[in-house]
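Text of protein25.pdb, listed as PDB, C-alpha atoms (C1' of nucleotides):
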MODEL        1
ATOM      1  CA  MET V  20     142.842  70.856 135.645
ATOM      2  CA  ALA V  21     142.754  74.571 135.199
ATOM      3  CA  GLN V  22     145.590  75.579 137.450
ATOM      4  CA  HIS V  23     145.302  79.188 138.476
ATOM      5  CA  LYS V  24     148.348  80.797 137.021
ATOM      6  CA  ALA V  25     149.121  83.546 139.471
ATOM      7  CA  ASP V  26     151.458  85.648 137.453
ATOM      8  CA  LEU V  27     152.756  88.636 139.275
ATOM      9  CA  LEU V  28     151.589  91.983 138.100
ATOM     10  CA  GLN V  29     154.374  93.970 136.567
ATOM     11  CA  GLY V  30     155.732  96.341 139.122
ATOM     12  CA  THR V  31     155.100  94.294 142.222
ATOM     13  CA  LEU V  32     158.213  92.170 142.147
ATOM     14  CA  ASP V  33     160.572  94.811 143.463
ATOM     15  CA  MET V  34     158.354  95.402 146.446
ATOM     16  CA  LEU V  35     158.157  91.695 147.201
ATOM     17  CA  ILE V  36     161.913  91.290 147.029
ATOM     18  CA  LEU V  37     162.600  94.307 149.209
ATOM     19  CA  LYS V  38     159.992  93.123 151.670
ATOM     20  CA  ALA V  39     161.513  89.664 151.790
ATOM     21  CA  LEU V  40     164.840  91.209 152.688
ATOM     22  CA  CYS V  41     163.609  93.609 155.302
ATOM     23  CA  HIS V  42     164.254  91.233 158.171
ATOM     24  CA  GLY V  43     167.743  90.226 157.237
ATOM     25  CA  GLU V  44     169.917  89.198 154.357
ATOM     26  CA  LEU V  45     169.107  86.280 152.132
ATOM     27  CA  HIS V  46     170.540  84.699 149.031
ATOM     28  CA  GLY V  47     168.583  84.715 145.800
ATOM     29  CA  TYR V  48     167.117  81.261 146.027
ATOM     30  CA  GLY V  49     166.193  81.981 149.623
ATOM     31  CA  ILE V  50     164.268  85.060 148.586
ATOM     32  CA  ILE V  51     162.055  82.935 146.380
ATOM     33  CA  GLN V  52     161.401  80.520 149.214
ATOM     34  CA  ARG V  53     160.762  83.306 151.664
ATOM     35  CA  ILE V  54     158.212  84.999 149.422
ATOM     36  CA  ARG V  55     156.560  81.643 148.957
ATOM     37  CA  GLN V  56     156.377  80.916 152.660
ATOM     38  CA  LEU V  57     155.299  84.335 153.831
ATOM     39  CA  SER V  58     152.524  84.454 151.268
ATOM     40  CA  ASP V  59     151.229  81.021 152.225
ATOM     41  CA  GLU V  60     152.404  79.498 148.952
ATOM     42  CA  MET V  61     150.321  81.957 146.974
ATOM     43  CA  LEU V  62     153.192  83.793 145.326
ATOM     44  CA  HIS V  63     155.845  82.100 143.297
ATOM     45  CA  VAL V  64     158.708  84.026 141.769
ATOM     46  CA  GLU V  65     160.474  82.438 138.830
ATOM     47  CA  GLN V  66     164.238  82.388 138.830
ATOM     48  CA  GLY V  67     164.192  83.995 135.436
ATOM     49  CA  SER V  68     162.353  86.895 136.984
ATOM     50  CA  LEU V  69     164.267  87.105 140.217
ATOM     51  CA  TYR V  70     167.879  87.288 139.135
ATOM     52  CA  PRO V  71     167.440  90.038 136.562
ATOM     53  CA  ALA V  72     165.330  91.885 139.092
ATOM     54  CA  LEU V  73     168.018  91.581 141.738
ATOM     55  CA  TYR V  74     170.527  92.923 139.261
ATOM     56  CA  ARG V  75     168.321  95.923 138.477
ATOM     57  CA  ILE V  76     167.660  96.543 142.120
ATOM     58  CA  GLU V  77     171.307  96.396 143.004
ATOM     59  CA  GLN V  78     172.118  98.844 140.198
ATOM     60  CA  LYS V  79     169.651 101.230 141.767
ATOM     61  CA  GLY V  80     171.386 100.878 145.080
ATOM     62  CA  TRP V  81     168.501  99.351 146.954
ATOM     63  CA  VAL V  82     170.376  96.200 147.868
ATOM     64  CA  SER V  83     174.011  95.240 148.220
ATOM     65  CA  SER V  84     175.366  91.777 147.649
ATOM     66  CA  LYS V  85     178.317  89.677 148.643
ATOM     67  CA  TRP V  86     179.362  86.119 147.944
ATOM     68  CA  ASP V  87     179.508  83.991 151.024
ATOM     69  CA  VAL V  88     179.260  80.412 152.100
ATOM     70  CA  HIS V  89     175.816  79.206 152.975
ATOM     71  CA  GLU V  90     175.402  77.092 156.084
ATOM     72  CA  THR V  91     174.939  74.110 153.812
ATOM     73  CA  GLY V  92     178.491  74.605 152.647
ATOM     74  CA  ARG V  93     177.640  75.983 149.238
ATOM     75  CA  ASP V  94     178.529  79.331 147.765
ATOM     76  CA  ALA V  95     175.715  81.783 147.482
ATOM     77  CA  LYS V  96     175.259  85.459 146.847
ATOM     78  CA  PHE V  97     173.707  87.219 149.779
ATOM     79  CA  TYR V  98     171.606  90.325 149.378
ATOM     80  CA  LYS V  99     170.987  92.954 151.976
ATOM     81  CA  LEU V 100     168.688  95.966 152.046
ATOM     82  CA  THR V 101     170.504  99.272 151.954
ATOM     83  CA  ARG V 102     169.223 102.361 153.693
ATOM     84  CA  SER V 103     168.063 103.628 150.326
ATOM     85  CA  GLY V 104     166.326 100.303 149.723
ATOM     86  CA  ARG V 105     164.461 100.596 152.971
ATOM     87  CA  LYS V 106     163.166 103.966 151.876
ATOM     88  CA  GLN V 107     162.229 102.597 148.483
ATOM     89  CA  LEU V 108     160.271  99.833 150.156
ATOM     90  CA  GLU V 109     158.226 102.430 151.980
ATOM     91  CA  VAL V 110     157.578 104.272 148.749
ATOM     92  CA  GLU V 111     156.466 101.131 146.969
ATOM     93  CA  GLU V 112     154.258 100.000 149.792
ATOM     94  CA  ALA V 113     152.569 103.387 149.906
ATOM     95  CA  SER V 114     152.100 103.248 146.170
ATOM     96  CA  TRP V 115     150.634  99.776 146.413
ATOM     97  CA  ASP V 116     148.262 100.883 149.138
ATOM     98  CA  ARG V 117     147.076 103.797 147.043
ATOM     99  CA  LEU V 118     146.355 101.558 144.111
ATOM    100  CA  VAL V 119     144.498  99.009 146.185
ATOM    101  CA  LEU V 120     142.476 101.790 147.750
ATOM    102  CA  ALA V 121     141.614 103.257 144.365
ATOM    103  CA  VAL V 122     140.575  99.913 142.941
ATOM    104  CA  ASN V 123     138.472  99.251 146.010
ATOM    105  CA  LYS V 124     136.715 102.555 145.577
ATOM    106  CA  LEU V 125     136.006 101.781 141.984
ATOM    107  CA  ARG V 126     134.661  98.366 142.816
ATOM    108  CA  GLN V 127     132.529  99.508 145.687
ATOM    109  CA  ALA V 128     131.001 102.301 143.667
ATOM    110  CA  THR V 129     128.004 100.314 142.615
TER     111      THR V 129
ATOM    112  CA  MET J  22     155.225 119.969 143.579
ATOM    113  CA  ALA J  23     155.868 116.283 143.682
ATOM    114  CA  GLN J  24     152.731 115.014 142.050
ATOM    115  CA  HIS J  25     152.183 111.372 142.808
ATOM    116  CA  LYS J  26     152.232 109.624 139.488
ATOM    117  CA  ALA J  27     149.901 106.715 139.998
ATOM    118  CA  ASP J  28     150.760 104.533 137.078
ATOM    119  CA  LEU J  29     148.617 101.500 136.670
ATOM    120  CA  LEU J  30     150.206  98.147 137.229
ATOM    121  CA  GLN J  31     150.359  96.132 134.075
ATOM    122  CA  GLY J  32     147.470  93.754 134.032
ATOM    123  CA  THR J  33     144.967  95.847 135.931
ATOM    124  CA  LEU J  34     143.661  97.899 133.052
ATOM    125  CA  ASP J  35     141.415  95.237 131.601
ATOM    126  CA  MET J  36     139.711  94.762 134.924
ATOM    127  CA  LEU J  37     139.147  98.476 135.317
ATOM    128  CA  ILE J  38     137.645  98.792 131.872
ATOM    129  CA  LEU J  39     135.363  95.813 132.305
ATOM    130  CA  LYS J  40     134.315  97.128 135.693
ATOM    131  CA  ALA J  41     133.551 100.542 134.261
ATOM    132  CA  LEU J  42     131.269  98.921 131.734
ATOM    133  CA  CYS J  43     129.453  96.613 134.070
ATOM    134  CA  HIS J  44     126.605  99.033 134.676
ATOM    135  CA  GLY J  45     125.890  99.887 131.088
ATOM    136  CA  GLU J  46     127.537 100.800 127.847
ATOM    137  CA  LEU J  47     129.917 103.691 127.487
ATOM    138  CA  HIS J  48     132.081 105.137 124.760
ATOM    139  CA  GLY J  49     135.839 105.141 125.082
ATOM    140  CA  TYR J  50     136.288 108.630 126.346
ATOM    141  CA  GLY J  51     133.477 108.033 128.798
ATOM    142  CA  ILE J  52     135.244 104.982 130.186
ATOM    143  CA  ILE J  53     138.206 107.141 131.108
ATOM    144  CA  GLN J  54     135.974 109.632 132.857
ATOM    145  CA  ARG J  55     134.064 106.913 134.633
ATOM    146  CA  ILE J  56     137.182 105.253 135.986
ATOM    147  CA  ARG J  57     138.349 108.642 137.131
ATOM    148  CA  GLN J  58     135.113 109.448 138.914
ATOM    149  CA  LEU J  59     134.542 106.071 140.518
ATOM    150  CA  SER J  60     138.079 105.990 141.876
ATOM    151  CA  ASP J  61     137.838 109.475 143.351
ATOM    152  CA  GLU J  62     140.232 110.904 140.781
ATOM    153  CA  MET J  63     142.926 108.469 141.862
ATOM    154  CA  LEU J  64     143.101 106.518 138.638
ATOM    155  CA  HIS J  65     143.721 108.101 135.303
ATOM    156  CA  VAL J  66     143.813 106.060 132.131
ATOM    157  CA  GLU J  67     145.651 107.544 129.177
ATOM    158  CA  GLN J  68     144.012 107.442 125.774
ATOM    159  CA  GLY J  69     147.104 105.740 124.434
ATOM    160  CA  SER J  70     146.478 102.982 126.928
ATOM    161  CA  LEU J  71     142.733 102.778 126.622
ATOM    162  CA  TYR J  72     142.106 102.431 122.922
ATOM    163  CA  PRO J  73     144.601  99.663 122.295
ATOM    164  CA  ALA J  74     143.256  97.909 125.366
ATOM    165  CA  LEU J  75     139.712  98.187 124.076
ATOM    166  CA  TYR J  76     140.827  96.700 120.796
ATOM    167  CA  ARG J  77     142.466  93.767 122.571
ATOM    168  CA  ILE J  78     139.478  93.243 124.770
ATOM    169  CA  GLU J  79     137.088  93.286 121.863
ATOM    170  CA  GLN J  80     139.236  90.756 120.004
ATOM    171  CA  LYS J  81     138.872  88.481 122.987
ATOM    172  CA  GLY J  82     135.138  88.868 122.856
ATOM    173  CA  TRP J  83     134.729  90.519 126.216
ATOM    174  CA  VAL J  84     133.117  93.637 124.824
ATOM    175  CA  SER J  85     131.209  94.485 121.701
ATOM    176  CA  SER J  86     131.148  97.881 120.074
ATOM    177  CA  LYS J  87     128.982  99.913 117.802
ATOM    178  CA  TRP J  88     129.184 103.410 116.394
ATOM    179  CA  ASP J  89     126.389 105.626 117.530
ATOM    180  CA  VAL J  90     125.568 109.258 118.066
ATOM    181  CA  HIS J  91     126.317 110.587 121.488
ATOM    182  CA  GLU J  92     123.756 112.811 123.153
ATOM    183  CA  THR J  93     126.066 115.728 122.432
ATOM    184  CA  GLY J  94     125.536 115.092 118.752
ATOM    185  CA  ARG J  95     128.927 113.617 118.070
ATOM    186  CA  ASP J  96     129.811 110.192 116.768
ATOM    187  CA  ALA J  97     131.260 107.854 119.299
ATOM    188  CA  LYS J  98     131.993 104.167 119.579
ATOM    189  CA  PHE J  99     130.001 102.552 122.336
ATOM    190  CA  TYR J 100     131.259  99.513 124.172
ATOM    191  CA  LYS J 101     129.170  96.953 125.979
ATOM    192  CA  LEU J 102     130.122  94.013 128.165
ATOM    193  CA  THR J 103     129.366  90.662 126.613
ATOM    194  CA  ARG J 104     128.337  87.659 128.652
ATOM    195  CA  SER J 105     131.852  86.355 128.262
ATOM    196  CA  GLY J 106     133.196  89.708 129.405
ATOM    197  CA  ARG J 107     131.103  89.568 132.535
ATOM    198  CA  LYS J 108     132.618  86.208 133.335
ATOM    199  CA  GLN J 109     136.070  87.524 132.625
ATOM    200  CA  LEU J 110     135.479  90.375 135.015
ATOM    201  CA  GLU J 111     134.707  87.884 137.758
ATOM    202  CA  VAL J 112     137.886  85.988 136.957
ATOM    203  CA  GLU J 113     139.989  89.120 137.054
ATOM    204  CA  GLU J 114     138.458  90.370 140.243
ATOM    205  CA  ALA J 115     139.067  87.029 141.917
ATOM    206  CA  SER J 116     142.614  87.075 140.671
ATOM    207  CA  TRP J 117     143.100  90.606 141.968
ATOM    208  CA  ASP J 118     141.698  89.626 145.339
ATOM    209  CA  ARG J 119     144.055  86.688 145.572
ATOM    210  CA  LEU J 120     147.017  88.867 144.814
ATOM    211  CA  VAL J 121     146.039  91.506 147.343
ATOM    212  CA  LEU J 122     145.508  88.807 149.939
ATOM    213  CA  ALA J 123     148.874  87.245 149.230
ATOM    214  CA  VAL J 124     150.677  90.564 149.420
ATOM    215  CA  ASN J 125     148.897  91.356 152.663
ATOM    216  CA  LYS J 126     149.986  88.045 154.122
ATOM    217  CA  LEU J 127     153.523  88.724 153.110
ATOM    218  CA  ARG J 128     153.462  92.172 154.598
ATOM    219  CA  GLN J 129     151.831  91.161 157.841
ATOM    220  CA  ALA J 130     154.241  88.313 158.348
ATOM    221  CA  THR J 131     156.589  90.249 160.550
TER     222      THR J 131
ATOM    223  C1'  DT R  20     135.088 134.664 112.210
ATOM    224  C1'  DT R  21     138.408 132.894 114.351
ATOM    225  C1'  DA R  22     140.796 131.157 118.063
ATOM    226  C1'  DG R  23     140.763 128.109 121.842
ATOM    227  C1'  DT R  24     139.133 124.274 124.572
ATOM    228  C1'  DA R  25     136.993 119.945 125.417
ATOM    229  C1'  DT R  26     135.576 115.928 123.333
ATOM    230  C1'  DA R  27     136.570 111.644 120.680
ATOM    231  C1'  DC R  28     139.220 108.171 118.134
ATOM    232  C1'  DT R  29     143.659 106.190 116.163
ATOM    233  C1'  DT R  30     148.424 104.897 115.584
ATOM    234  C1'  DT R  31     153.483 104.444 116.284
ATOM    235  C1'  DG R  32     157.204 103.391 118.921
ATOM    236  C1'  DC R  33     159.394 103.244 123.368
ATOM    237  C1'  DG R  34     160.511 101.368 127.798
ATOM    238  C1'  DA R  35     160.018  98.361 131.379
ATOM    239  C1'  DT R  36     159.331  93.980 133.135
ATOM    240  C1'  DT R  37     157.998  89.078 133.665
ATOM    241  C1'  DC R  38     158.237  84.501 131.830
ATOM    242  C1'  DT R  39     159.906  80.482 129.232
ATOM    243  C1'  DA R  40     163.494  77.824 128.415
ATOM    244  C1'  DG R  41     167.736  76.778 128.377
ATOM    245  C1'  DG R  42     172.471  76.435 130.522
ATOM    246  C1'  DT R  43     176.126  75.475 134.438
ATOM    247  C1'  DA R  44     177.398  73.652 138.854
ATOM    248  C1'  DT R  45     177.249  71.703 143.604
ATOM    249  C1'  DC R  46     175.455  68.725 147.177
ATOM    250  C1'  DA R  47     172.836  64.878 149.477
ATOM    251  C1'  DC R  48     170.801  60.618 149.064
ATOM    252  C1'  DT R  49     170.028  56.197 147.057
TER     253       DT R  49
ATOM    254  C1'  DA U  21     175.942  56.454 138.928
ATOM    255  C1'  DG U  22     171.770  58.707 138.905
ATOM    256  C1'  DT U  23     168.249  61.641 140.715
ATOM    257  C1'  DG U  24     166.448  65.668 142.853
ATOM    258  C1'  DA U  25     167.051  69.838 145.332
ATOM    259  C1'  DT U  26     169.782  73.770 145.640
ATOM    260  C1'  DA U  27     171.968  77.883 143.483
ATOM    261  C1'  DC U  28     173.189  81.058 139.864
ATOM    262  C1'  DC U  29     172.944  83.081 135.132
ATOM    263  C1'  DT U  30     171.325  84.438 130.434
ATOM    264  C1'  DA U  31     168.839  85.013 125.921
ATOM    265  C1'  DG U  32     164.734  85.690 123.710
ATOM    266  C1'  DA U  33     159.871  86.307 123.442
ATOM    267  C1'  DA U  34     155.766  88.453 124.797
ATOM    268  C1'  DT U  35     153.032  91.726 127.036
ATOM    269  C1'  DC U  36     151.401  96.034 128.177
ATOM    270  C1'  DG U  37     151.034 100.854 129.693
ATOM    271  C1'  DC U  38     152.548 105.390 128.211
ATOM    272  C1'  DA U  39     154.119 109.406 125.604
ATOM    273  C1'  DA U  40     153.467 111.705 121.612
ATOM    274  C1'  DA U  41     151.607 112.690 117.548
ATOM    275  C1'  DG U  42     147.777 113.102 114.310
ATOM    276  C1'  DT U  43     142.741 113.733 112.805
ATOM    277  C1'  DA U  44     138.247 115.595 113.500
ATOM    278  C1'  DT U  45     134.036 117.636 115.544
ATOM    279  C1'  DA U  46     131.331 120.679 118.717
ATOM    280  C1'  DC U  47     130.970 124.551 121.639
ATOM    281  C1'  DT U  48     132.318 129.047 123.401
ATOM    282  C1'  DA U  49     134.413 133.434 123.707
ATOM    283  C1'  DA U  50     136.780 137.293 121.792
TER     284       DA U  50
ENDMDL
END
Re-express the file's structure as structure tokens.
Amino acid sequence: MAQHKADLLQGTLDMLILKALCHGELHGYGIIQRIRQLSDEMLHVEQGSLYPALYRIEQKGWVSSKWDVHETGRDAKFYKLTRSGRKQLEVEEASWDRLVLAVNKLRQAT
Amino acid sequence: MAQHKADLLQGTLDMLILKALCHGELHGYGIIQRIRQLSDEMLHVEQGSLYPALYRIEQKGWVSSKWDVHETGRDAKFYKLTRSGRKQLEVEEASWDRLVLAVNKLRQAT
DNA sequence: TTAGTATACTTTGCGATTCTAGGTATCACT
DNA sequence: AGTGATACCTAGAATCGCAAAGTATACTAA
């Protein structure tokens, strides 16, 4: 069975993470699930991609994190969009839109 | 002047090259110009990206090349889509479409 | 003729990022 | 006690686009 391996394109992960957080804070594992759900199971983020990405993103000041207790009773690190992160999300979405537009143009140009 | 630097996302270049070639053979430099034109100047491929990519793509059998004399009188290496390359283009376009769809879903999911 | 510009190909090395694969630990359920 | 889901982290490999440099030819303008 040739399973379609839907690797993410490099550069899209940050946008997905920021987008996942834009309606409230989540912990890392929850971000993966949220991206999965919202995309109708089409996007899957590996843990080995997510956690380093979250670290990078936090270094850049786009999210802030704090350890807290999840409702299930387990410790988890919760991430929240910062104001700067919200702006970055806009930038990345605009950039994404431009690329999609450009590729569409190229493809439609018969 | 904040010039928007529209870097390509990693993984899209092959598709663009194959697409540029799907209406006839071109030489390397011409591929760059074609992608530029067809995308309304929105996409620019650097030579340092293109030539290694062409090498990779030829290794995979998606294009074939031959040296020939350009109409300007200069030697140039002309690339042509192979049958396998045409199939690969379909695969990559489908994959691109899936990704765009998934990202759209994620973004529309308020 | 000589300088500059556009064309045309190649190569090296960098930087950034995703994935694989492993590890640790907790919790619920059987 | 064992399994599976949850939750975090890290190291290493692999990929790929880009910047920068080099080589060379053709055309044009001073």
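Residue nearest chain J within the list U:DC36, U:DC29, U:DA50, U:DA21: U:DC36 [criterion: smallest interatomic distance, all atoms listed in the file].
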Any chance you could resolve the PyMOL selection byres ((chain J) within 9 of (chain V)) against this file and give the residues as JSON, numbers by chain? {"J": [25, 27, 28, 29, 30, 31, 32, 33, 37, 40, 41, 44, 56, 57, 58, 59, 60, 61, 62, 63, 64, 116, 119, 120, 121, 122, 123, 124, 125, 126, 127, 128, 129, 130, 131]}
Can you check which parts of chain U lie within 9 Å of chain J? Per residue, the shortest pair of atoms and distance in Å to one decimal, counting all atoms listed in the file, sorted by chain and number, as CSV.
residue,atom,partner,partner_atom,distance
U:DT35,C1',J:Gln31,CA,8.7
U:DC36,C1',J:Gln31,CA,6.0
U:DG37,C1',J:Ser70,CA,5.7
U:DC38,C1',J:Gly69,CA,6.6
U:DA39,C1',J:Gly69,CA,8.0
U:DT45,C1',J:Arg95,CA,7.0
U:DA46,C1',J:Arg95,CA,7.5
Should the cut-off be 8 Å, what would the residue list for chain J against chain R look like, counting all atoms listed in the file, as an NGL selection string? :J and (49-50 or 72 or 96-97)
Just C-alpha atoms for this one: save the residues we selected as a PDB file, in the frame of the given file.
ATOM      1  CA  GLY J  49     135.839 105.141 125.082  1.00  0.00           C
ATOM      2  CA  TYR J  50     136.288 108.630 126.346  1.00  0.00           C
ATOM      3  CA  TYR J  72     142.106 102.431 122.922  1.00  0.00           C
ATOM      4  CA  ASP J  96     129.811 110.192 116.768  1.00  0.00           C
ATOM      5  CA  ALA J  97     131.260 107.854 119.299  1.00  0.00           C
TER       6      ALA J  97
END
Return chain J as a compact mmCIF listing (two decimals) with C-alpha atoms, in the coordinates of the input, after superposing it on chain V by a least-squares fit that covers all C-alpha atoms paired in order.
# COMPACT_ATOMS: atom_id res chain seq x y z
CA MET J 22 143.10 70.45 136.61
CA ALA J 23 142.82 74.14 136.03
CA GLN J 24 145.70 75.36 138.12
CA HIS J 25 145.35 79.03 138.89
CA LYS J 26 148.37 80.67 137.37
CA ALA J 27 149.01 83.60 139.65
CA ASP J 28 151.32 85.68 137.57
CA LEU J 29 152.70 88.71 139.28
CA LEU J 30 151.60 92.07 138.04
CA GLN J 31 154.42 93.99 136.50
CA GLY J 32 155.79 96.37 139.05
CA THR J 33 155.12 94.34 142.16
CA LEU J 34 158.22 92.20 142.10
CA ASP J 35 160.58 94.82 143.45
CA MET J 36 158.35 95.39 146.43
CA LEU J 37 158.14 91.70 147.16
CA ILE J 38 161.88 91.27 147.01
CA LEU J 39 162.57 94.27 149.21
CA LYS J 40 159.95 93.06 151.65
CA ALA J 41 161.47 89.60 151.77
CA LEU J 42 164.79 91.15 152.69
CA CYS J 43 163.54 93.53 155.31
CA HIS J 44 164.18 91.13 158.17
CA GLY J 45 167.69 90.17 157.26
CA GLU J 46 169.86 89.15 154.38
CA LEU J 47 169.07 86.25 152.12
CA HIS J 48 170.53 84.72 149.01
CA GLY J 49 168.60 84.72 145.77
CA TYR J 50 167.17 81.27 145.96
CA GLY J 51 166.21 81.95 149.56
CA ILE J 52 164.28 85.04 148.53
CA ILE J 53 162.09 82.90 146.30
CA GLN J 54 161.43 80.47 149.10
CA ARG J 55 160.74 83.25 151.56
CA ILE J 56 158.21 84.94 149.32
CA ARG J 57 156.57 81.59 148.82
CA GLN J 58 156.36 80.84 152.52
CA LEU J 59 155.26 84.27 153.68
CA SER J 60 152.50 84.39 151.09
CA ASP J 61 151.18 80.95 152.01
CA GLU J 62 152.41 79.44 148.75
CA MET J 63 150.33 81.91 146.76
CA LEU J 64 153.20 83.76 145.17
CA HIS J 65 155.89 82.07 143.18
CA VAL J 66 158.76 84.01 141.68
CA GLU J 67 160.57 82.43 138.76
CA GLN J 68 164.35 82.43 138.75
CA GLY J 69 164.25 84.09 135.36
CA SER J 70 162.35 86.92 136.97
CA LEU J 71 164.27 87.12 140.20
CA TYR J 72 167.88 87.35 139.15
CA PRO J 73 167.43 90.10 136.59
CA ALA J 74 165.31 91.95 139.11
CA LEU J 75 168.01 91.63 141.74
CA TYR J 76 170.51 93.02 139.29
CA ARG J 77 168.28 96.00 138.55
CA ILE J 78 167.62 96.60 142.19
CA GLU J 79 171.28 96.47 143.07
CA GLN J 80 172.08 98.94 140.29
CA LYS J 81 169.62 101.30 141.88
CA GLY J 82 171.36 100.92 145.19
CA TRP J 83 168.47 99.37 147.05
CA VAL J 84 170.34 96.21 147.94
CA SER J 85 173.96 95.27 148.30
CA SER J 86 175.35 91.82 147.70
CA LYS J 87 178.29 89.72 148.68
CA TRP J 88 179.37 86.19 147.94
CA ASP J 89 179.51 84.01 150.98
CA VAL J 90 179.28 80.40 152.00
CA HIS J 91 175.84 79.17 152.84
CA GLU J 92 175.40 77.00 155.91
CA THR J 93 174.96 74.06 153.55
CA GLY J 94 178.52 74.59 152.42
CA ARG J 95 177.69 76.04 149.05
CA ASP J 96 178.57 79.42 147.63
CA ALA J 97 175.73 81.83 147.40
CA LYS J 98 175.26 85.53 146.81
CA PHE J 99 173.69 87.23 149.78
CA TYR J 100 171.57 90.32 149.41
CA LYS J 101 170.93 92.94 152.04
CA LEU J 102 168.63 95.94 152.10
CA THR J 103 170.45 99.24 152.05
CA ARG J 104 169.15 102.31 153.82
CA SER J 105 168.00 103.60 150.47
CA GLY J 106 166.29 100.28 149.81
CA ARG J 107 164.40 100.52 153.06
CA LYS J 108 163.11 103.90 151.99
CA GLN J 109 162.20 102.56 148.60
CA LEU J 110 160.23 99.79 150.21
CA GLU J 111 158.17 102.36 152.07
CA VAL J 112 157.56 104.23 148.83
CA GLU J 113 156.47 101.10 147.03
CA GLU J 114 154.23 99.95 149.82
CA ALA J 115 152.55 103.34 149.95
CA SER J 116 152.12 103.25 146.22
CA TRP J 117 150.65 99.76 146.40
CA ASP J 118 148.26 100.85 149.11
CA ARG J 119 147.10 103.79 147.05
CA LEU J 120 146.43 101.59 144.09
CA VAL J 121 144.51 99.03 146.11
CA LEU J 122 142.48 101.81 147.68
CA ALA J 123 141.69 103.34 144.32
CA VAL J 124 140.64 100.03 142.83
CA ASN J 125 138.48 99.34 145.86
CA LYS J 126 136.78 102.69 145.47
CA LEU J 127 136.13 101.98 141.86
CA ARG J 128 134.72 98.58 142.61
CA GLN J 129 132.55 99.69 145.48
CA ALA J 130 131.12 102.55 143.49
CA THR J 131 128.06 100.69 142.37
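Under the PyMOL selection byres ((chain V and resi 100) around 7), the matching residues in the shown file are Leu37, Leu40, Cys41, Trp81, Val82, Ser83, Tyr98, Lys99, Thr101, Arg102, Gly104 and Arg105 of chain V.
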Pairwise distance, CA of Phe97 (chain V) with CA of Ser84 (chain V), equals 5.3 Å
Mind giving me the straight-line distance from C1' of DT26 (chain U) to CA of Trp86 (chain V) in Å, one decimal? 15.8 Å
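The spacing separating CA of Glu46 (chain J) from CA of Lys98 (chain J) amounts to 10.0 Å.
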Report, as AutoDock Vina command-line options, the axis-aligned box around all atoms of region 116-125 of chain V present in the file, extended by 6 Å on each side; give centre and edge lengths in Å to one decimal place.
--center_x 142.1 --center_y 101.4 --center_z 145.6 --size_x 24.3 --size_y 16.8 --size_z 19.2
So which one's closest to Val90 (chain J), J:Leu47, J:His65, J:Ile53, J:Leu75? Using all atoms listed in the file, please. J:Leu47
I need region 35-46 of chain J from the structure I supplied, saved as a PDB file, in the first residue's frame with N, CA and C atoms retained.
ATOM      1  N   ASP J  35      11.238  21.494  -7.426  1.00  0.00           N
ATOM      2  CA  ASP J  35      11.118  20.447  -8.433  1.00  0.00           C
ATOM      3  C   ASP J  35       9.838  20.604  -9.234  1.00  0.00           C
ATOM      4  N   MET J  36       8.761  20.846  -8.527  1.00  0.00           N
ATOM      5  CA  MET J  36       7.477  21.000  -9.213  1.00  0.00           C
ATOM      6  C   MET J  36       7.517  22.169 -10.188  1.00  0.00           C
ATOM      7  N   LEU J  37       8.103  23.263  -9.752  1.00  0.00           N
ATOM      8  CA  LEU J  37       8.161  24.443 -10.610  1.00  0.00           C
ATOM      9  C   LEU J  37       8.970  24.168 -11.877  1.00  0.00           C
ATOM     10  N   ILE J  38      10.077  23.492 -11.689  1.00  0.00           N
ATOM     11  CA  ILE J  38      10.930  23.181 -12.839  1.00  0.00           C
ATOM     12  C   ILE J  38      10.206  22.258 -13.813  1.00  0.00           C
ATOM     13  N   LEU J  39       9.625  21.206 -13.278  1.00  0.00           N
ATOM     14  CA  LEU J  39       8.914  20.263 -14.138  1.00  0.00           C
ATOM     15  C   LEU J  39       7.777  20.979 -14.870  1.00  0.00           C
ATOM     16  N   LYS J  40       7.095  21.840 -14.139  1.00  0.00           N
ATOM     17  CA  LYS J  40       5.984  22.577 -14.744  1.00  0.00           C
ATOM     18  C   LYS J  40       6.483  23.480 -15.869  1.00  0.00           C
ATOM     19  N   ALA J  41       7.601  24.110 -15.631  1.00  0.00           N
ATOM     20  CA  ALA J  41       8.156  25.021 -16.640  1.00  0.00           C
ATOM     21  C   ALA J  41       8.497  24.273 -17.921  1.00  0.00           C
ATOM     22  N   LEU J  42       8.817  23.001 -17.757  1.00  0.00           N
ATOM     23  CA  LEU J  42       9.245  22.217 -18.915  1.00  0.00           C
ATOM     24  C   LEU J  42       8.104  21.498 -19.612  1.00  0.00           C
ATOM     25  N   CYS J  43       6.915  21.593 -19.049  1.00  0.00           N
ATOM     26  CA  CYS J  43       5.867  20.708 -19.543  1.00  0.00           C
ATOM     27  C   CYS J  43       5.281  21.146 -20.881  1.00  0.00           C
ATOM     28  N   HIS J  44       5.740  22.285 -21.383  1.00  0.00           N
ATOM     29  CA  HIS J  44       5.278  22.683 -22.718  1.00  0.00           C
ATOM     30  C   HIS J  44       6.410  22.729 -23.725  1.00  0.00           C
ATOM     31  N   GLY J  45       7.474  22.015 -23.427  1.00  0.00           N
ATOM     32  CA  GLY J  45       8.578  21.984 -24.373  1.00  0.00           C
ATOM     33  C   GLY J  45       9.905  22.167 -23.683  1.00  0.00           C
ATOM     34  N   GLU J  46      10.953  21.816 -24.374  1.00  0.00           N
ATOM     35  CA  GLU J  46      12.271  21.852 -23.740  1.00  0.00           C
ATOM     36  C   GLU J  46      12.793  23.275 -23.613  1.00  0.00           C
TER      37      GLU J  46
END
